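What follows is start13.txt (compact mmCIF, C-alpha atoms).
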```txt
# COMPACT_ATOMS: atom_id res chain seq x y z
CA MET A 73 -4.30 78.53 -119.19
CA ILE A 74 -0.63 78.70 -120.13
CA ALA A 75 2.47 78.33 -117.94
CA VAL A 76 6.16 78.68 -118.76
CA ILE A 77 8.74 76.98 -116.53
CA LEU A 78 12.46 77.77 -116.63
CA ALA A 79 14.25 74.44 -116.25
CA GLY A 80 17.52 75.01 -118.10
CA GLY A 81 19.86 76.18 -115.37
CA LYS A 82 23.00 74.27 -114.41
CA GLY A 83 22.43 74.56 -110.66
CA THR A 84 26.08 75.33 -109.99
CA ARG A 85 25.41 76.26 -106.35
CA LEU A 86 23.97 72.79 -105.72
CA LYS A 87 27.00 70.87 -106.92
CA PRO A 88 27.95 68.04 -106.66
CA TYR A 89 24.27 66.94 -106.79
CA THR A 90 23.65 68.67 -110.12
CA ASN A 91 26.61 66.99 -111.82
CA VAL A 92 24.29 64.00 -112.21
CA PHE A 93 20.76 65.46 -112.02
CA PRO A 94 19.42 68.70 -113.47
CA LYS A 95 18.33 70.86 -110.54
CA PRO A 96 14.58 70.62 -111.34
CA LEU A 97 14.80 66.83 -110.89
CA MET A 98 16.25 67.07 -107.39
CA PRO A 99 13.81 65.26 -105.08
CA ILE A 100 11.85 67.11 -102.42
CA GLY A 101 10.35 64.38 -100.29
CA ASP A 102 9.14 61.69 -102.71
CA HIS A 103 8.94 63.84 -105.86
CA PRO A 104 11.22 66.09 -107.94
CA ILE A 105 10.57 69.78 -107.34
CA LEU A 106 9.58 70.21 -111.00
CA GLU A 107 6.94 67.50 -110.66
CA ILE A 108 5.50 69.29 -107.63
CA LEU A 109 5.26 72.52 -109.66
CA ILE A 110 3.57 70.76 -112.58
CA ARG A 111 1.03 69.11 -110.28
CA GLN A 112 0.36 72.46 -108.61
CA LEU A 113 -0.21 74.17 -111.95
CA GLU A 114 -2.54 71.42 -113.12
CA SER A 115 -4.57 71.69 -109.93
CA TYR A 116 -5.16 75.38 -110.73
CA GLY A 117 -6.26 74.67 -114.29
CA PHE A 118 -3.03 75.22 -116.24
CA LYS A 119 -3.05 72.63 -119.01
CA ASP A 120 -0.47 73.94 -121.49
CA ILE A 121 3.07 74.07 -120.13
CA PHE A 122 6.10 75.31 -122.03
CA MET A 123 9.40 74.23 -120.53
CA ALA A 124 12.67 76.01 -121.35
CA VAL A 125 15.40 73.39 -121.02
CA GLY A 126 19.16 73.32 -121.50
CA HIS A 127 21.46 71.52 -119.04
CA LEU A 128 20.76 67.74 -119.07
CA ALA A 129 17.57 68.44 -121.04
CA GLU A 130 17.17 64.84 -122.19
CA LEU A 131 16.77 63.62 -118.60
CA ILE A 132 13.96 66.12 -118.02
CA LYS A 133 12.23 65.12 -121.27
CA LEU A 134 12.59 61.44 -120.43
CA PHE A 135 11.09 61.91 -116.97
CA PHE A 136 8.08 64.06 -117.89
CA GLY A 137 7.43 63.08 -121.50
CA GLU A 138 4.59 65.06 -123.07
CA GLY A 139 2.82 65.44 -119.73
CA ASP A 140 0.10 62.80 -120.17
CA LYS A 141 0.80 61.36 -116.71
CA TYR A 142 0.05 64.76 -115.17
CA ASN A 143 -2.96 65.65 -117.34
CA VAL A 144 -1.08 68.51 -119.03
CA ASN A 145 0.52 69.18 -122.42
CA ILE A 146 4.26 69.84 -122.18
CA THR A 147 6.16 71.55 -125.00
CA TYR A 148 9.94 71.73 -124.66
CA LYS A 149 12.03 74.65 -125.91
CA LYS A 150 15.74 73.88 -126.02
CA GLU A 151 18.25 76.69 -125.68
CA SER A 152 21.16 76.11 -128.07
CA GLU A 153 23.06 78.64 -125.94
CA PRO A 154 22.16 80.36 -122.65
CA LEU A 155 19.53 83.07 -123.15
CA GLY A 156 19.20 84.37 -119.59
CA THR A 157 16.06 84.16 -117.49
CA ALA A 158 13.74 86.10 -119.82
CA GLY A 159 15.38 85.38 -123.18
CA PRO A 160 13.75 81.93 -123.64
CA LEU A 161 10.43 83.71 -124.21
CA GLY A 162 11.81 84.70 -127.59
CA LEU A 163 11.63 81.02 -128.58
CA MET A 164 7.87 81.01 -127.93
CA LYS A 165 6.71 84.20 -129.65
CA ASP A 166 4.34 82.38 -132.00
CA GLU A 167 2.74 80.25 -129.27
CA LEU A 168 2.09 82.49 -126.27
CA ASN A 169 -1.09 84.21 -127.46
CA ASP A 170 -2.77 84.81 -124.09
CA HIS A 171 -1.82 85.91 -120.58
CA PHE A 172 0.65 83.40 -119.14
CA ILE A 173 2.38 82.66 -115.87
CA MET A 174 6.15 82.11 -115.80
CA MET A 175 8.33 80.76 -113.02
CA ASN A 176 11.66 79.28 -112.07
CA GLY A 177 11.67 75.50 -111.97
CA ASP A 178 13.37 75.24 -108.58
CA LEU A 179 11.04 77.01 -106.17
CA LEU A 180 8.66 75.74 -103.54
CA THR A 181 5.67 77.91 -102.64
CA THR A 182 2.07 77.70 -101.49
CA ILE A 183 0.99 80.72 -103.56
CA ASN A 184 -2.41 80.48 -105.27
CA PHE A 185 -1.46 80.73 -108.94
CA GLN A 186 -5.05 81.42 -110.05
CA GLU A 187 -5.43 84.36 -107.66
CA LEU A 188 -2.14 85.77 -108.95
CA VAL A 189 -3.32 85.58 -112.57
CA ASP A 190 -6.68 87.15 -111.67
CA TYR A 191 -4.90 90.01 -109.88
CA HIS A 192 -2.73 90.59 -112.94
CA LYS A 193 -5.62 90.67 -115.39
CA LYS A 194 -7.62 93.11 -113.26
CA SER A 195 -4.63 95.43 -112.92
CA GLY A 196 -4.23 96.00 -116.64
CA ALA A 197 -0.45 95.65 -116.29
CA ILE A 198 1.80 94.14 -118.92
CA ALA A 199 3.69 92.30 -116.16
CA THR A 200 3.10 91.32 -112.54
CA ILE A 201 5.83 90.08 -110.19
CA ALA A 202 5.06 87.99 -107.10
CA LEU A 203 6.88 89.60 -104.16
CA LYS A 204 8.00 88.32 -100.78
CA LYS A 205 9.07 90.44 -97.82
CA ARG A 206 12.48 89.48 -96.42
CA ASN A 207 14.35 90.62 -93.33
CA VAL A 208 18.12 90.75 -93.00
CA HIS A 209 19.92 91.30 -89.71
CA ILE A 210 23.05 93.46 -89.94
CA ASP A 211 25.72 92.39 -87.44
CA PHE A 212 27.35 95.83 -87.29
CA GLY A 213 26.42 99.35 -86.32
CA VAL A 214 25.18 101.18 -89.42
CA VAL A 215 26.22 104.81 -89.84
CA GLU A 216 24.43 107.29 -92.11
CA VAL A 217 26.22 110.40 -93.43
CA ASP A 218 25.32 113.39 -95.58
CA ASP A 219 27.22 114.67 -98.64
CA SER A 220 29.90 116.27 -96.44
CA HIS A 221 30.34 113.03 -94.46
CA GLU A 222 28.78 114.51 -91.35
CA ILE A 223 27.15 111.69 -89.41
CA THR A 224 23.38 112.02 -89.34
CA ASP A 225 22.40 108.74 -87.69
CA TYR A 226 23.86 105.68 -86.00
CA ILE A 227 21.83 102.47 -85.77
CA GLU A 228 23.16 99.53 -83.80
CA LYS A 229 22.77 96.16 -85.60
CA PRO A 230 19.52 96.97 -87.42
CA ASP A 231 17.10 94.63 -89.15
CA LEU A 232 16.51 95.69 -92.75
CA GLU A 233 13.27 94.85 -94.54
CA TYR A 234 12.85 94.69 -98.30
CA LEU A 235 10.79 93.04 -101.06
CA VAL A 236 12.30 90.38 -103.33
CA SER A 237 11.08 88.76 -106.52
CA MET A 238 9.79 85.23 -105.92
CA GLY A 239 10.70 84.19 -109.46
CA VAL A 240 7.00 83.98 -110.37
CA TYR A 241 5.62 86.34 -113.02
CA VAL A 242 2.45 86.88 -115.05
CA PHE A 243 2.70 88.52 -118.47
CA ASP A 244 0.41 89.98 -121.08
CA PRO A 245 1.45 88.47 -124.45
CA ARG A 246 2.41 91.99 -125.59
CA VAL A 247 5.59 91.53 -123.57
CA LEU A 248 6.91 89.41 -126.45
CA ASP A 249 7.18 92.57 -128.56
CA TYR A 250 10.08 93.56 -126.31
CA ILE A 251 12.05 90.32 -126.74
CA GLU A 252 13.93 89.32 -129.88
CA PRO A 253 14.41 85.62 -130.77
CA GLY A 254 17.88 84.53 -129.68
CA GLU A 255 18.39 87.63 -127.50
CA TYR A 256 20.10 87.15 -124.13
CA LEU A 257 17.88 88.85 -121.57
CA ASP A 258 17.44 88.58 -117.81
CA PHE A 259 14.26 89.52 -115.95
CA PRO A 260 15.64 92.68 -114.30
CA ASP A 261 16.62 94.05 -117.71
CA LEU A 262 13.24 93.14 -119.21
CA ILE A 263 11.34 94.81 -116.38
CA LYS A 264 13.47 97.95 -116.60
CA LYS A 265 12.89 98.04 -120.36
CA LEU A 266 9.12 97.81 -119.85
CA ILE A 267 9.16 100.61 -117.28
CA SER A 268 11.31 102.83 -119.51
CA LYS A 269 8.76 102.41 -122.30
CA GLY A 270 5.95 103.57 -120.03
CA GLU A 271 4.43 100.14 -119.51
CA LYS A 272 2.59 99.33 -116.28
CA VAL A 273 4.33 96.75 -114.07
CA LYS A 274 2.66 95.60 -110.85
CA GLY A 275 3.81 93.79 -107.73
CA TYR A 276 1.79 91.09 -105.96
CA PRO A 277 2.80 90.87 -102.27
CA TYR A 278 2.60 87.31 -100.93
CA HIS A 279 2.77 86.46 -97.23
CA GLY A 280 2.76 82.66 -97.34
CA TYR A 281 5.51 80.08 -97.80
CA TRP A 282 8.19 80.50 -100.46
CA LEU A 283 11.66 79.03 -100.83
CA ASP A 284 14.11 79.34 -103.70
CA MET A 285 16.36 76.29 -103.69
CA GLY A 286 19.60 77.80 -104.90
CA ARG A 287 21.88 76.51 -102.14
CA PRO A 288 22.38 73.18 -100.35
CA ASP A 289 20.96 74.52 -97.06
CA ASP A 290 17.80 75.71 -98.89
CA TYR A 291 17.43 72.24 -100.39
CA GLU A 292 17.69 70.71 -96.92
CA LYS A 293 15.09 73.17 -95.57
CA ALA A 294 12.66 72.19 -98.33
CA ASN A 295 12.99 68.50 -97.52
CA GLU A 296 12.41 69.18 -93.84
CA LYS A 297 9.26 71.20 -94.60
CA ILE A 298 7.65 69.28 -97.46
CA ASP A 299 5.40 66.91 -95.47
CA GLU A 300 3.92 69.84 -93.56
CA LEU A 301 3.35 71.82 -96.77
CA TYR A 302 1.66 69.15 -98.89
CA PRO A 303 -1.93 70.02 -97.86
CA GLU A 304 -1.33 73.66 -98.90
CA LEU A 305 0.49 73.01 -102.18
CA PHE A 306 -2.46 71.89 -104.26
CA LYS A 307 -5.83 73.51 -104.84
```

In structure tokens, how does this file's structure come out?
Amino acid sequence: MIAVILAGGKGTRLKPYTNVFPKPLMPIGDHPILEILIRQLESYGFKDIFMAVGHLAELIKLFFGEGDKYNVNITYKKESEPLGTAGPLGLMKDELNDHFIMMNGDLLTTINFQELVDYHKKSGAIATIALKKRNVHIDFGVVEVDDSHEITDYIEKPDLEYLVSMGVYVFDPRVLDYIEPGEYLDFPDLIKKLISKGEKVKGYPYHGYWLDMGRPDDYEKANEKIDELYPELFK
């Protein structure tokens, strides 16, 4: 099976750490987060990994090599200029000839990647997005009004619930028909393009552990949790 990992971001929200290390090489416990992802993917049978790299790419290549140490084959795709989150797929149009999983290289999750792929294939969708329910507490009274500004409801400090993308996707290779080589494209724009063309896009609700390490406090949370999570991370 095929996996694509986005590992080219600059990690600006994790500075000053990422002035020296690319974000995917930031250690979580005893291992870089990207190594944890690669070992997870291998444990679920993903042997061919494409890695989109950019910022400090040579350090990532030096650390992981061609993947022999992890029993996988790693192919690097270097962005000469930023292509967004979905744009790097345009660099792989001739190589992604089967369903593939794609993910950010800075997330920690216990999701079963094989079950996600199976769900996607059975759905017949061109794309499937792993989803996580999040709750946000509003510290103020929320007022609802109609078109004439007449108040219709008043809710004191509510908790709002919504679904967010986990940064994990599964795609049918047909998705590449919607991406031009060298095109700057982010995932929201790609998904909206697919929907506008009448393509089927599915969501996969996940109720287990997930953390996107975009901020220093998220990075600290991951390090506090990693020892507890290890038994669940690998198949």

Point-to-point distance in Å for atom CA of Glu114 of chain A and atom CA of Glu187 of chain A: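 If I compute the distance from atom CA of Glu187 of chain A to atom CA of Glu114 of chain A, I get 14.3 Å.
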
Nearby residues (all atoms listed in the file) at most 10 Å from His279 of chain A, same-chain spacing under 3 positions excluded, as a PyMOL selection string: chain A and resi 182-183+203-205+276+282

Within 12 Å of file point (15.3, 64.4, -122.6), counting all atoms listed in the file, expressed as a VMD selection string: chain A and resid 79 to 80 93 to 94 97 123 to 138 147 to 150

Given only C-alpha atoms as the counted atoms, nearest of A:Ile74, A:Ile100, A:Leu248, A:Leu163 to Ile146 of chain A: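 Result for the nearest residue to Ile146 of chain A: A:Ile74.
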
Close residues, Asn145 of chain A itself excluded, 8 Å, all atoms listed in the file, min 6 positions apart in chain, as a VMD selection string: chain A and resid 119 to 121 138 to 139

Selected residue, from A:Ser115, A:Thr157, A:Asn143, A:Gln186, that lies nearest to Ile77 of chain A when counting all atoms listed in the file: A:Thr157

Expected residue set, 12 Å radius at (-4.7, 91.9, -114.9), only C-alpha atoms, as a PyMOL selection string: chain A and resi 170-173+186-201+241-245+272-276

Near-segment 229-233 of chain A list (6 Å; only C-alpha atoms; drop same-chain fewer than 3 positions) as a list in words: Arg206, Asn207, Val208, His209, Ile210, Asp211, Phe212 and Gly213 of chain A

Residue nearest Val76 of chain A - candidates A:Ala294, A:Val247, A:Lys141, A:Leu161, atoms counted: all atoms listed in the file: A:Leu161

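Between Gly159 of chain A and the residues A:Ile251, A:Gly280, A:Tyr291, A:Lys297, the shortest atom-to-atom distance, using only C-alpha atoms, involves A:Ile251.
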
Best match for closeness to Ile108 of chain A among A:Leu257, A:Leu180, A:Ala202, A:Leu235, counting all atoms listed in the file: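 Once distances to Ile108 of chain A are computed over all atoms listed in the file, the minimum belongs to A:Leu180.
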
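Separating atom CA of Asp261 of chain A from atom CA of Leu283 of chain A is a distance of 23.1 Å.
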
Non-local contacts of Glu292 of chain A (12 Å; all atoms listed in the file; under 2 positions in same chain excluded) as a list in words: Leu86, Met98, Pro99, Ile100, Gly101, Leu283, Asp284, Met285, Gly286, Arg287, Pro288, Asp289, Asp290, Ala294, Asn295, Glu296, Lys297 and Ile298 of chain A
